[in-house]
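See below for my_file_3.cif, which holds mmCIF, C-alpha atoms and all ligand atoms.
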```cif
data_model
loop_
_atom_site.label_atom_id
_atom_site.label_comp_id
_atom_site.auth_asym_id
_atom_site.auth_seq_id
_atom_site.Cartn_x
_atom_site.Cartn_y
_atom_site.Cartn_z
CA MET A 1 62.57 -22.00 3.03
CA ARG A 2 62.10 -20.12 -0.21
CA PRO A 3 58.82 -18.22 0.05
CA THR A 4 57.04 -19.80 -2.88
CA TRP A 5 54.78 -22.62 -1.84
CA ALA A 6 51.51 -24.43 -2.54
CA GLU A 7 48.91 -25.01 0.15
CA VAL A 8 46.93 -28.19 -0.26
CA SER A 9 43.68 -28.32 1.69
CA LEU A 10 43.15 -31.95 2.60
CA SER A 11 39.72 -31.13 4.00
CA ALA A 12 38.69 -29.64 0.63
CA LEU A 13 39.95 -32.84 -0.99
CA GLN A 14 37.88 -34.93 1.41
CA LYS A 15 34.83 -32.75 0.75
CA ASN A 16 35.18 -33.22 -2.98
CA PHE A 17 35.45 -36.98 -2.42
CA GLN A 18 32.30 -36.86 -0.30
CA ALA A 19 30.49 -34.81 -2.94
CA ILE A 20 31.26 -37.55 -5.45
CA THR A 21 30.15 -40.36 -3.15
CA ALA A 22 26.97 -38.42 -2.34
CA LEU A 23 26.19 -38.11 -6.03
CA LEU A 24 26.59 -41.87 -6.47
CA ALA A 25 24.71 -42.75 -3.30
CA GLY A 26 21.35 -43.33 -4.97
CA ARG A 27 22.63 -46.46 -6.64
CA ALA A 28 23.76 -49.84 -5.43
CA LYS A 29 27.31 -49.72 -4.08
CA ILE A 30 29.67 -47.98 -6.48
CA GLU A 31 33.37 -48.07 -5.63
CA VAL A 32 35.30 -44.82 -6.11
CA CYS A 33 38.80 -45.35 -7.46
CA CYS A 34 40.53 -42.08 -6.60
CA VAL A 35 42.96 -41.14 -9.35
CA VAL A 36 46.20 -39.97 -7.74
CA LYS A 37 48.50 -40.39 -10.73
CA ALA A 38 51.16 -37.78 -11.49
CA ASP A 39 51.66 -37.12 -7.78
CA ALA A 40 47.91 -36.53 -7.40
CA TYR A 41 47.85 -33.98 -10.23
CA GLY A 42 50.67 -32.14 -8.47
CA HIS A 43 49.01 -32.13 -5.05
CA GLY A 44 51.15 -34.89 -3.49
CA ALA A 45 50.04 -38.50 -3.94
CA ILE A 46 50.96 -39.85 -0.52
CA GLU A 47 49.28 -37.13 1.55
CA CYS A 48 46.24 -37.07 -0.71
CA ALA A 49 45.85 -40.85 -0.70
CA ARG A 50 46.12 -40.93 3.09
CA ALA A 51 43.50 -38.18 3.47
CA LEU A 52 41.22 -39.97 1.01
CA GLU A 53 41.69 -43.27 2.82
CA ASP A 54 40.69 -41.49 6.04
CA ALA A 55 37.57 -40.27 4.23
CA GLY A 56 36.70 -43.84 3.25
CA ALA A 57 38.39 -44.37 -0.11
CA ARG A 58 39.38 -47.95 -0.79
CA TRP A 59 40.81 -47.73 -4.30
CA PHE A 60 43.48 -45.58 -5.92
CA GLY A 61 44.37 -45.18 -9.57
CA VAL A 62 47.92 -44.42 -10.67
CA SER A 63 49.70 -44.49 -13.96
CA THR A 64 52.98 -46.26 -13.31
CA ALA A 65 54.24 -49.14 -11.17
CA ASP A 66 56.63 -46.70 -9.46
CA GLU A 67 53.69 -44.56 -8.36
CA GLY A 68 51.96 -47.64 -7.00
CA VAL A 69 55.04 -48.82 -5.08
CA LEU A 70 55.43 -45.38 -3.48
CA LEU A 71 51.87 -45.54 -2.18
CA ARG A 72 52.38 -49.04 -0.80
CA GLN A 73 55.60 -48.02 0.91
CA ALA A 74 53.71 -45.10 2.45
CA GLY A 75 51.31 -47.57 4.02
CA ILE A 76 48.31 -47.27 1.72
CA THR A 77 46.39 -50.51 2.12
CA GLY A 78 43.59 -50.00 -0.41
CA GLY A 79 43.57 -51.39 -3.92
CA ILE A 80 45.99 -49.71 -6.29
CA LEU A 81 45.10 -49.86 -9.97
CA LEU A 82 47.89 -49.35 -12.49
CA MET A 83 45.73 -47.74 -15.16
CA SER A 84 48.54 -47.72 -17.74
CA GLY A 85 49.63 -51.26 -16.95
CA PHE A 86 53.29 -52.02 -16.37
CA SER A 87 56.44 -52.31 -18.42
CA PRO A 88 58.36 -55.55 -18.87
CA GLY A 89 60.72 -55.80 -15.91
CA GLU A 90 58.24 -54.37 -13.44
CA GLN A 91 56.20 -57.56 -12.96
CA ASP A 92 57.98 -58.52 -9.72
CA ALA A 93 57.29 -55.10 -8.19
CA VAL A 94 53.66 -55.40 -9.27
CA THR A 95 53.16 -58.77 -7.61
CA GLN A 96 55.22 -58.08 -4.49
CA ASN A 97 53.32 -54.87 -3.80
CA HIS A 98 49.87 -56.28 -4.61
CA LEU A 99 49.30 -53.76 -7.36
CA THR A 100 46.36 -54.38 -9.67
CA ALA A 101 47.64 -53.95 -13.20
CA ALA A 102 45.61 -53.09 -16.25
CA VAL A 103 46.38 -55.67 -18.92
CA TRP A 104 45.49 -55.76 -22.60
CA GLU A 105 47.94 -58.25 -24.11
CA PRO A 106 48.42 -61.98 -23.42
CA ARG A 107 52.13 -61.35 -22.86
CA GLN A 108 51.38 -59.13 -19.85
CA ILE A 109 49.28 -61.86 -18.28
CA GLU A 110 52.08 -64.38 -18.86
CA LEU A 111 54.70 -62.12 -17.27
CA LEU A 112 52.57 -61.45 -14.22
CA ASN A 113 51.61 -65.08 -13.89
CA ALA A 114 55.25 -66.15 -13.89
CA ALA A 115 56.14 -63.49 -11.32
CA ALA A 116 53.19 -64.44 -9.11
CA GLU A 117 54.05 -68.13 -9.38
CA THR A 118 57.61 -67.48 -8.23
CA LEU A 119 56.45 -65.29 -5.37
CA HIS A 120 53.74 -67.67 -4.24
CA SER A 121 55.90 -70.78 -4.29
CA ALA A 122 58.79 -69.01 -2.59
CA LYS A 123 57.02 -67.15 0.17
CA HIS A 124 53.28 -67.47 0.22
CA PRO A 125 52.19 -70.92 -0.91
CA SER A 126 48.59 -70.15 0.08
CA ALA A 127 48.48 -66.68 -1.45
CA LYS A 128 45.45 -65.64 -3.44
CA PRO A 129 45.88 -65.15 -7.17
CA LEU A 130 46.98 -61.72 -8.33
CA SER A 131 44.12 -59.52 -9.58
CA VAL A 132 44.28 -57.74 -12.90
CA HIS A 133 41.77 -55.57 -14.77
CA LEU A 134 41.28 -55.96 -18.52
CA LYS A 135 41.68 -52.66 -20.31
CA ILE A 136 39.51 -52.36 -23.40
CA ASP A 137 40.11 -49.84 -26.15
CA THR A 138 36.72 -48.69 -27.35
CA GLY A 139 37.76 -45.61 -29.30
CA MET A 140 40.42 -43.69 -27.41
CA SER A 141 43.08 -45.47 -29.49
CA ARG A 142 45.59 -45.29 -26.71
CA LEU A 143 45.88 -48.40 -24.52
CA GLY A 144 43.68 -51.47 -24.40
CA ALA A 145 42.60 -54.57 -26.27
CA GLY A 146 40.10 -54.08 -29.07
CA VAL A 147 36.82 -55.93 -28.73
CA PRO A 148 37.89 -58.67 -31.22
CA GLU A 149 41.03 -59.31 -29.13
CA VAL A 150 39.21 -60.04 -25.90
CA ASN A 151 38.99 -63.78 -26.51
CA GLN A 152 42.75 -64.07 -26.86
CA LEU A 153 43.14 -62.35 -23.51
CA LEU A 154 40.65 -64.67 -21.89
CA LEU A 155 42.55 -67.64 -23.21
CA ALA A 156 45.79 -66.32 -21.74
CA ALA A 157 44.05 -65.73 -18.42
CA LYS A 158 42.65 -69.26 -18.40
CA ASN A 159 46.17 -70.64 -18.66
CA ALA A 160 47.43 -68.33 -15.91
CA GLN A 161 46.72 -70.07 -12.62
CA HIS A 162 48.03 -67.28 -10.47
CA ILE A 163 46.02 -64.49 -12.11
CA THR A 164 42.37 -63.51 -11.62
CA ILE A 165 40.46 -61.14 -13.85
CA ALA A 166 38.93 -58.96 -11.18
CA GLY A 167 37.90 -56.06 -13.36
CA ILE A 168 37.27 -54.72 -16.84
CA PHE A 169 37.36 -51.10 -17.91
CA THR A 170 37.63 -48.60 -20.70
CA HIS A 171 38.41 -44.90 -20.96
CA LEU A 172 36.28 -42.28 -22.69
CA ALA A 173 37.87 -40.01 -25.28
CA SER A 174 35.21 -37.30 -25.46
CA ALA A 175 33.45 -37.13 -22.12
CA GLU A 176 33.68 -33.31 -22.19
CA LEU A 177 31.64 -33.20 -25.39
CA LEU A 178 28.34 -33.74 -23.67
CA ASP A 179 26.36 -35.03 -26.63
CA SER A 180 29.22 -36.78 -28.38
CA PRO A 181 28.10 -39.85 -30.31
CA GLN A 182 31.62 -41.21 -29.72
CA THR A 183 30.72 -41.82 -26.07
CA ASP A 184 27.63 -43.79 -27.07
CA SER A 185 29.70 -45.86 -29.45
CA GLN A 186 32.36 -46.49 -26.79
CA LEU A 187 29.73 -47.63 -24.31
CA LYS A 188 28.28 -50.05 -26.87
CA GLN A 189 31.66 -51.54 -27.62
CA PHE A 190 32.40 -51.86 -23.94
CA ASP A 191 29.14 -53.76 -23.45
CA GLN A 192 30.21 -56.15 -26.21
CA ALA A 193 33.56 -56.76 -24.53
CA LEU A 194 31.82 -57.37 -21.22
CA ALA A 195 29.38 -59.77 -22.85
CA THR A 196 32.30 -61.74 -24.30
CA VAL A 197 33.92 -61.97 -20.88
CA LYS A 198 30.68 -63.08 -19.26
CA ALA A 199 30.04 -65.65 -21.99
CA SER A 200 33.34 -67.27 -21.06
CA GLY A 201 31.98 -67.83 -17.56
CA LEU A 202 33.80 -64.99 -15.80
CA SER A 203 32.11 -62.20 -13.93
CA PRO A 204 34.64 -59.53 -13.01
CA GLU A 205 33.94 -57.79 -9.72
CA PHE A 206 34.76 -54.27 -10.97
CA ILE A 207 33.33 -52.76 -14.14
CA HIS A 208 34.31 -49.17 -14.84
CA VAL A 209 34.28 -46.43 -17.43
CA ALA A 210 33.69 -42.99 -15.92
CA ASN A 211 36.25 -40.24 -15.36
CA SER A 212 35.27 -37.00 -13.58
CA THR A 213 33.25 -35.52 -16.41
CA ALA A 214 31.36 -38.74 -17.08
CA ILE A 215 30.55 -39.03 -13.37
CA MET A 216 28.99 -35.58 -13.49
CA THR A 217 27.21 -35.86 -16.80
CA ARG A 218 26.46 -39.47 -17.70
CA PRO A 219 25.07 -41.74 -14.98
CA GLU A 220 24.89 -44.59 -17.47
CA THR A 221 28.71 -44.73 -17.37
CA TRP A 222 28.93 -45.31 -13.63
CA LYS A 223 28.77 -49.15 -13.69
CA ASN A 224 30.06 -50.29 -10.28
CA MET A 225 33.29 -48.31 -10.09
CA VAL A 226 34.20 -44.78 -11.16
CA ARG A 227 37.60 -43.13 -11.59
CA PRO A 228 37.56 -39.43 -10.72
CA GLY A 229 40.80 -37.47 -10.94
CA GLY A 230 40.33 -33.76 -11.61
CA ALA A 231 37.06 -33.54 -9.66
CA LEU A 232 38.85 -34.61 -6.47
CA TYR A 233 41.13 -31.61 -6.80
CA GLY A 234 38.25 -29.27 -7.53
CA TYR A 235 38.61 -29.00 -11.27
CA ARG A 236 36.50 -30.02 -14.20
CA LEU A 237 37.52 -29.66 -17.81
CA PRO A 238 35.53 -27.24 -19.96
CA MET A 239 32.45 -29.00 -21.29
CA ARG A 240 30.73 -28.36 -24.57
CA GLY A 241 27.44 -29.42 -26.06
CA THR A 242 24.04 -30.06 -24.61
CA ALA A 243 23.82 -32.03 -21.42
CA GLN A 244 21.33 -34.79 -20.86
CA PRO A 245 18.39 -33.70 -18.72
CA ASN A 246 19.40 -35.79 -15.71
CA ASN A 247 22.97 -34.59 -15.51
CA ALA A 248 24.26 -33.54 -12.13
CA ALA A 249 27.02 -31.21 -13.30
CA ALA A 250 25.08 -28.03 -12.69
CA SER A 251 24.48 -28.73 -9.02
CA PHE A 252 27.82 -30.33 -8.34
CA GLN A 253 29.93 -28.21 -5.99
CA LEU A 254 33.68 -28.67 -6.11
CA GLN A 255 36.32 -26.78 -4.18
CA PRO A 256 39.79 -26.13 -5.56
CA VAL A 257 42.22 -27.93 -3.26
CA LEU A 258 45.41 -26.10 -4.13
CA THR A 259 46.42 -22.50 -3.47
CA TRP A 260 49.74 -21.28 -4.87
CA LYS A 261 51.46 -18.41 -3.15
CA THR A 262 54.66 -16.43 -3.08
CA ARG A 263 56.02 -13.27 -1.44
CA ILE A 264 57.41 -10.15 -3.06
CA LEU A 265 61.18 -10.41 -3.29
CA SER A 266 61.95 -6.93 -4.55
CA LEU A 267 60.22 -3.71 -5.59
CA ARG A 268 61.45 -1.20 -8.13
CA SER A 269 60.28 1.95 -9.80
CA VAL A 270 60.16 2.25 -13.55
CA ARG A 271 60.14 5.40 -15.63
CA PRO A 272 58.21 5.87 -18.87
CA GLY A 273 59.93 4.02 -21.67
CA GLN A 274 61.77 1.60 -19.37
CA ALA A 275 61.84 -2.00 -20.57
CA VAL A 276 61.24 -4.94 -18.25
CA SER A 277 62.64 -8.50 -18.51
CA TYR A 278 64.18 -10.48 -21.38
CA GLY A 279 63.65 -9.19 -24.87
CA ALA A 280 62.12 -5.93 -23.67
CA ALA A 281 58.71 -7.37 -24.46
CA TYR A 282 57.17 -4.89 -22.00
CA VAL A 283 57.94 -1.20 -21.92
CA ALA A 284 56.40 0.96 -19.19
CA ARG A 285 54.14 3.64 -20.61
CA ALA A 286 54.09 5.70 -17.45
CA ALA A 287 56.10 5.89 -14.25
CA GLY A 288 55.14 2.99 -12.04
CA ARG A 289 56.16 0.23 -9.66
CA ILE A 290 57.14 -3.30 -10.44
CA ALA A 291 57.21 -6.16 -7.94
CA VAL A 292 59.62 -9.01 -8.53
CA LEU A 293 58.24 -12.42 -7.51
CA PRO A 294 60.48 -15.40 -6.75
CA VAL A 295 58.64 -17.74 -9.10
CA GLY A 296 59.30 -18.63 -12.71
CA TYR A 297 58.85 -21.24 -15.36
CA ALA A 298 61.16 -23.64 -13.48
CA ASP A 299 58.43 -23.69 -10.84
CA GLY A 300 55.73 -24.35 -13.40
CA PHE A 301 54.70 -20.72 -13.74
CA SER A 302 54.62 -21.07 -17.48
CA ARG A 303 56.43 -18.70 -19.81
CA HIS A 304 53.19 -18.73 -21.81
CA LEU A 305 51.76 -16.59 -19.00
CA SER A 306 54.07 -13.71 -19.98
CA GLY A 307 52.09 -10.52 -20.43
CA LYS A 308 48.80 -12.39 -19.87
CA ALA A 309 48.38 -13.64 -16.32
CA ARG A 310 47.45 -11.69 -13.25
CA VAL A 311 48.09 -12.33 -9.57
CA ILE A 312 46.39 -11.12 -6.40
CA VAL A 313 48.27 -8.89 -3.98
CA ARG A 314 46.74 -6.83 -1.17
CA ASN A 315 43.35 -7.86 -2.52
CA GLN A 316 43.91 -6.37 -5.92
CA TYR A 317 44.78 -7.87 -9.24
CA ALA A 318 48.23 -7.11 -10.59
CA PRO A 319 49.19 -8.02 -14.17
CA VAL A 320 52.31 -9.98 -15.11
CA VAL A 321 54.48 -7.75 -17.27
CA GLY A 322 57.30 -8.78 -19.56
CA ASN A 323 58.55 -12.29 -20.05
CA VAL A 324 58.33 -14.77 -17.20
CA THR A 325 61.89 -15.96 -16.53
CA MET A 326 63.17 -19.23 -15.14
CA ASP A 327 63.15 -18.10 -11.51
CA LEU A 328 61.54 -14.66 -11.40
CA THR A 329 58.40 -12.93 -12.62
CA MET A 330 57.57 -9.23 -12.69
CA VAL A 331 54.11 -7.80 -11.97
CA ASP A 332 52.90 -4.22 -12.25
CA VAL A 333 51.82 -3.05 -8.80
CA SER A 334 51.57 0.65 -9.63
CA GLY A 335 47.96 0.74 -8.49
CA VAL A 336 48.46 -1.16 -5.24
CA GLU A 337 48.59 1.00 -2.18
CA GLY A 338 51.03 0.31 0.67
CA ILE A 339 52.86 -2.47 -1.08
CA GLU A 340 55.95 -3.86 0.64
CA ILE A 341 58.66 -6.43 0.17
CA GLY A 342 57.46 -9.69 1.73
CA ASP A 343 53.79 -9.12 0.90
CA GLU A 344 51.96 -12.34 0.14
CA VAL A 345 50.96 -12.83 -3.48
CA ILE A 346 48.36 -15.33 -4.65
CA LEU A 347 49.28 -16.99 -7.93
CA ILE A 348 46.38 -19.46 -7.86
CA GLY A 349 43.67 -19.05 -5.25
CA ARG A 350 41.14 -16.64 -3.84
CA GLY A 351 41.58 -13.20 -2.33
CA GLU A 352 39.45 -11.48 0.25
CA GLY A 353 38.10 -8.57 -1.77
CA GLN A 354 35.19 -8.47 -4.15
CA ASP A 355 35.82 -8.85 -7.82
CA VAL A 356 33.97 -5.88 -9.27
CA GLY A 357 34.44 -7.21 -12.80
CA ARG A 358 32.56 -10.42 -12.06
CA SER A 359 29.09 -11.15 -10.78
CA PRO A 360 28.24 -9.56 -7.41
CA GLY A 361 29.47 -11.39 -4.34
CA GLN A 362 32.34 -13.08 -6.16
CA SER A 363 35.70 -12.72 -4.51
CA LEU A 364 38.92 -12.10 -6.32
CA SER A 365 40.25 -15.31 -7.72
CA VAL A 366 42.78 -16.81 -10.06
CA THR A 367 42.19 -20.45 -10.91
CA ALA A 368 44.16 -23.12 -12.71
CA ASP A 369 41.53 -22.72 -15.43
CA ASP A 370 42.56 -19.06 -15.78
CA HIS A 371 46.20 -20.13 -16.10
CA ALA A 372 45.14 -22.72 -18.63
CA SER A 373 43.32 -20.25 -20.82
CA TRP A 374 46.22 -17.80 -20.67
CA ALA A 375 48.74 -20.52 -21.46
CA GLY A 376 46.64 -22.33 -24.05
CA THR A 377 46.21 -25.61 -22.22
CA ILE A 378 43.95 -27.32 -19.65
CA SER A 379 43.89 -26.96 -15.86
CA PHE A 380 45.31 -30.45 -15.29
CA GLU A 381 48.54 -29.55 -17.07
CA ILE A 382 48.87 -26.40 -14.98
CA LEU A 383 48.35 -28.33 -11.73
CA CYS A 384 50.75 -31.16 -12.44
CA GLY A 385 53.20 -28.68 -13.91
CA ILE A 386 53.82 -26.99 -10.54
CA SER A 387 57.31 -28.32 -10.05
CA ARG A 388 59.03 -30.06 -7.19
CA ARG A 389 60.86 -26.87 -6.32
CA VAL A 390 57.59 -25.58 -4.89
CA PRO A 391 57.10 -27.11 -1.44
CA ARG A 392 53.58 -28.37 -0.65
CA LYS A 393 52.15 -27.41 2.67
CA TYR A 394 49.26 -29.55 3.88
CA LEU A 395 46.33 -27.97 5.65
CA ARG A 396 44.06 -30.16 7.72
CA GLY A 397 40.83 -29.50 9.55
CA SER A 398 39.10 -26.28 10.47
CA SER A 399 42.13 -24.26 11.59
CA GLU A 400 43.15 -23.79 8.01
CA ASN A 401 42.40 -20.71 6.01
CA PRO A 402 41.85 -21.85 2.46
CA ARG A 403 41.07 -18.34 1.25
CA GLY A 404 44.66 -17.39 1.85
CA SER A 405 44.50 -14.09 3.69
CA PRO A 406 47.87 -12.60 4.58
CA ARG A 407 49.17 -13.85 7.91
C1 LIG B 501 43.54 -39.78 -15.72
C2 LIG B 501 42.56 -40.85 -15.86
C3 LIG B 501 41.33 -40.76 -15.17
C4 LIG B 501 40.88 -39.54 -14.41
O1 LIG B 501 40.46 -38.56 -15.34
P1 LIG B 501 39.78 -37.17 -14.85
O2 LIG B 501 39.29 -36.58 -16.11
O3 LIG B 501 40.87 -36.38 -14.22
O4 LIG B 501 38.72 -37.53 -13.90
C5 LIG B 501 40.49 -41.86 -15.23
N1 LIG B 501 40.82 -42.95 -15.94
C6 LIG B 501 41.98 -43.06 -16.62
C7 LIG B 501 42.28 -44.31 -17.38
C8 LIG B 501 42.89 -42.00 -16.62
O5 LIG B 501 44.02 -42.09 -17.31
#
```
Could you quickly redo this structure as structure tokens?
Amino acid sequence: MRPTWAEVSLSALQKNFQAITALLAGRAKIEVCCVVKADAYGHGAIECARALEDAGARWFGVSTADEGVLLRQAGITGGILLMSGFSPGEQDAVTQNHLTAAVWEPRQIELLNAAAETLHSAKHPSAKPLSVHLKIDTGMSRLGAGVPEVNQLLLAAKNAQHITIAGIFTHLASAELLDSPQTDSQLKQFDQALATVKASGLSPEFIHVANSTAIMTRPETWKNMVRPGGALYGYRLPMRGTAQPNNAAASFQLQPVLTWKTRILSLRSVRPGQAVSYGAAYVARAAGRIAVLPVGYADGFSRHLSGKARVIVRNQYAPVVGNVTMDLTMVDVSGVEGIEIGDEVILIGRGEGQDVGRSPGQSLSVTADDHASWAGTISFEILCGISRRVPRKYLRGSSENPRGSPR
């Protein structure tokens, strides 16, 4: 197997899940819908969902019907919420696999109702109605019914005998802006939508708003279900603004779940003036050594990292030099003693040594946040950008070594 791989610590994932449930524990029962869309932010949806189910999770959030079907086929028995609904043509897969679709248009309810009717009369005459969650747009301007459109949806649902409205939710646009008035406005609109639903005599079982940041910073968004994604994988997006006094973010400990590693493929010496990689964007100033790593932008090691990123090898940082190529990346290892072909290199993760540049006691580390700031994006894009060519290796229990020391 090509020696570029990602280690996914399922016990770190479970600990992050437990940290979230512990935070919510002071309230009446709040269901955690674990967001495992986009192959669990690149960590592997099936393995992550299984580990989360073992830790007690009963709900999973995905984006597409395909993602939901994959989880069902893998034996996941919990609820599966299709947060981005479904496309016309997918309604049979939704009903057959007991997926809970987000809906925001009468047409979606009609399609699902017809599919459920066919299924129920053909195979399961006594089947329960298919659950859906109403998705309300309160300011994200992406998916969802506006507050004035809720009545139309309720009418469609009333005429759909095989459909139950089991939930209602919205998504926050600016949860990372801690004092954003947009969040207050979204919460108000959501309350209006909920009031309309209740006035029609319905009381949906699940009411939800909060993503990871809102869980950590705004308890008033918790309702009775929350939808963490990034937090499960140990990441939070950069927050700005002043937090409310009761926010839990400061004390909330998350562990990165993924470590990305490779091994040195080749070593070469360079003389002063020698150019490295495409376009000669890097020219060695002094004689030195360059390690060639078998990882490139086809693996998700972004070309935007060229000349910016650093890696950890033999418990030292080594800078990426020259342009990252499709399959290979060069790092300057001139200062690294005893370096050899085959040495393990940490692309994302923690090393053993102390980081003298940081606060005392901090070990060497490169995080997806570091990659994000070098590449001009956010950690989530880095994580789900690690391509399929990079095999995921799953670590379970206490035998694992999440710090990634050389073996
Ligand atoms: C992705 C997503 C989430 C999870 O967001 P995080 O910021 O990763 O916690 C929650 N809800 C919806 C609708 C999403 O699309």
Nearest to A:Gln161, chosen from A:Leu130, A:Ile339, A:Ala40, A:Val226, with only C-alpha atoms counted in the distances
A:Leu130
Could you pull the residues within 6 Å of stretch 170-180 of chain A, counting all atoms listed in the file, minus those fewer than 6 positions along the same chain, as an mmCIF file with C-alpha atoms, keeping the file's coordinate frame?
```
data_model
loop_
_atom_site.group_PDB
_atom_site.id
_atom_site.type_symbol
_atom_site.label_atom_id
_atom_site.label_comp_id
_atom_site.auth_asym_id
_atom_site.auth_seq_id
_atom_site.Cartn_x
_atom_site.Cartn_y
_atom_site.Cartn_z
ATOM 1 C CA LYS A 135 41.680 -52.660 -20.310
ATOM 2 C CA ILE A 136 39.510 -52.360 -23.400
ATOM 3 C CA MET A 140 40.420 -43.690 -27.410
ATOM 4 C CA VAL A 209 34.280 -46.430 -17.430
ATOM 5 C CA THR A 213 33.250 -35.520 -16.410
ATOM 6 C CA ALA A 214 31.360 -38.740 -17.080
ATOM 7 C CA MET A 239 32.450 -29.000 -21.290
ATOM 8 C CA ARG A 240 30.730 -28.360 -24.570
ATOM 9 C CA GLY A 241 27.440 -29.420 -26.060
ATOM 10 C CA THR A 242 24.040 -30.060 -24.610
ATOM 11 C CA ALA A 243 23.820 -32.030 -21.420
#
```
Contacts of A:Ala287 within 6 Å, only C-alpha atoms, excl. fewer than 2 positions in-chain, as a list in words:
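What passes the distance filter is Val270, Arg271 and Pro272 of chain A.
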May I ask which of the residues A:Met225, A:His304, A:Leu194, A:Val62 is the closest one to A:Ser373, counting only C-alpha atoms?
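Closest residue, counting only C-alpha atoms: A:His304.
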Around (63.7, -11.7, -25.6) in the file's frame, which residues reach within 12 Å when counting only C-alpha atoms? Return as a list in words?
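Residues found, by chain and rising number: Ala275, Val276, Ser277, Tyr278, Gly279, Ala280, Ala281, Tyr282, Arg303, Ser306, Gly322, Asn323, Val324 and Thr325 of chain A.
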6 Å shell around ligand LIG 501 (chain B) using all atoms listed in the file, listed as a PyMOL selection string
chain A and resi 35+83+171+211-212+227-230
For stretch 106-110 of chain A, supply all heavy atoms and report the output as a PDB file, in the coordinates of the input.
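The resulting file, selection26.pdb, is reproduced below:
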```pdb
ATOM      1  N   PRO A 106      48.134 -60.689 -24.064  1.00  0.00           N
ATOM      2  CA  PRO A 106      48.420 -61.980 -23.420  1.00  0.00           C
ATOM      3  C   PRO A 106      49.800 -61.988 -22.745  1.00  0.00           C
ATOM      4  O   PRO A 106      49.962 -62.536 -21.653  1.00  0.00           O
ATOM      5  CB  PRO A 106      48.363 -62.977 -24.581  1.00  0.00           C
ATOM      6  CG  PRO A 106      47.446 -62.345 -25.572  1.00  0.00           C
ATOM      7  CD  PRO A 106      47.648 -60.869 -25.453  1.00  0.00           C
ATOM      8  N   ARG A 107      50.765 -61.353 -23.391  1.00  0.00           N
ATOM      9  CA  ARG A 107      52.130 -61.350 -22.860  1.00  0.00           C
ATOM     10  C   ARG A 107      52.184 -60.763 -21.435  1.00  0.00           C
ATOM     11  O   ARG A 107      52.937 -61.236 -20.591  1.00  0.00           O
ATOM     12  CB  ARG A 107      52.996 -60.516 -23.820  1.00  0.00           C
ATOM     13  CG  ARG A 107      54.421 -60.327 -23.389  1.00  0.00           C
ATOM     14  CD  ARG A 107      55.307 -61.490 -23.862  1.00  0.00           C
ATOM     15  NE  ARG A 107      56.648 -61.368 -23.299  1.00  0.00           N
ATOM     16  CZ  ARG A 107      57.243 -62.285 -22.555  1.00  0.00           C
ATOM     17  NH1 ARG A 107      56.619 -63.405 -22.274  1.00  0.00           N
ATOM     18  NH2 ARG A 107      58.455 -62.102 -22.103  1.00  0.00           N
ATOM     19  N   GLN A 108      51.373 -59.743 -21.192  1.00  0.00           N
ATOM     20  CA  GLN A 108      51.380 -59.130 -19.850  1.00  0.00           C
ATOM     21  C   GLN A 108      50.860 -60.120 -18.815  1.00  0.00           C
ATOM     22  O   GLN A 108      51.377 -60.193 -17.699  1.00  0.00           O
ATOM     23  CB  GLN A 108      50.494 -57.872 -19.857  1.00  0.00           C
ATOM     24  CG  GLN A 108      51.009 -56.763 -20.760  1.00  0.00           C
ATOM     25  CD  GLN A 108      49.979 -55.652 -20.912  1.00  0.00           C
ATOM     26  OE1 GLN A 108      48.817 -55.913 -21.231  1.00  0.00           O
ATOM     27  NE2 GLN A 108      50.400 -54.435 -20.689  1.00  0.00           N
ATOM     28  N   ILE A 109      49.845 -60.875 -19.208  1.00  0.00           N
ATOM     29  CA  ILE A 109      49.280 -61.860 -18.280  1.00  0.00           C
ATOM     30  C   ILE A 109      50.317 -62.947 -17.993  1.00  0.00           C
ATOM     31  O   ILE A 109      50.501 -63.366 -16.853  1.00  0.00           O
ATOM     32  CB  ILE A 109      47.981 -62.454 -18.870  1.00  0.00           C
ATOM     33  CG1 ILE A 109      46.933 -61.335 -18.970  1.00  0.00           C
ATOM     34  CG2 ILE A 109      47.477 -63.626 -18.037  1.00  0.00           C
ATOM     35  CD1 ILE A 109      45.625 -61.747 -19.611  1.00  0.00           C
ATOM     36  N   GLU A 110      51.045 -63.342 -19.044  1.00  0.00           N
ATOM     37  CA  GLU A 110      52.080 -64.380 -18.860  1.00  0.00           C
ATOM     38  C   GLU A 110      53.184 -63.897 -17.920  1.00  0.00           C
ATOM     39  O   GLU A 110      53.622 -64.642 -17.033  1.00  0.00           O
ATOM     40  CB  GLU A 110      52.663 -64.778 -20.222  1.00  0.00           C
ATOM     41  CG  GLU A 110      51.685 -65.584 -21.081  1.00  0.00           C
ATOM     42  CD  GLU A 110      52.003 -65.491 -22.575  1.00  0.00           C
ATOM     43  OE1 GLU A 110      53.152 -65.123 -22.928  1.00  0.00           O
ATOM     44  OE2 GLU A 110      51.095 -65.773 -23.375  1.00  0.00           O
TER      45      GLU A 110
END
```
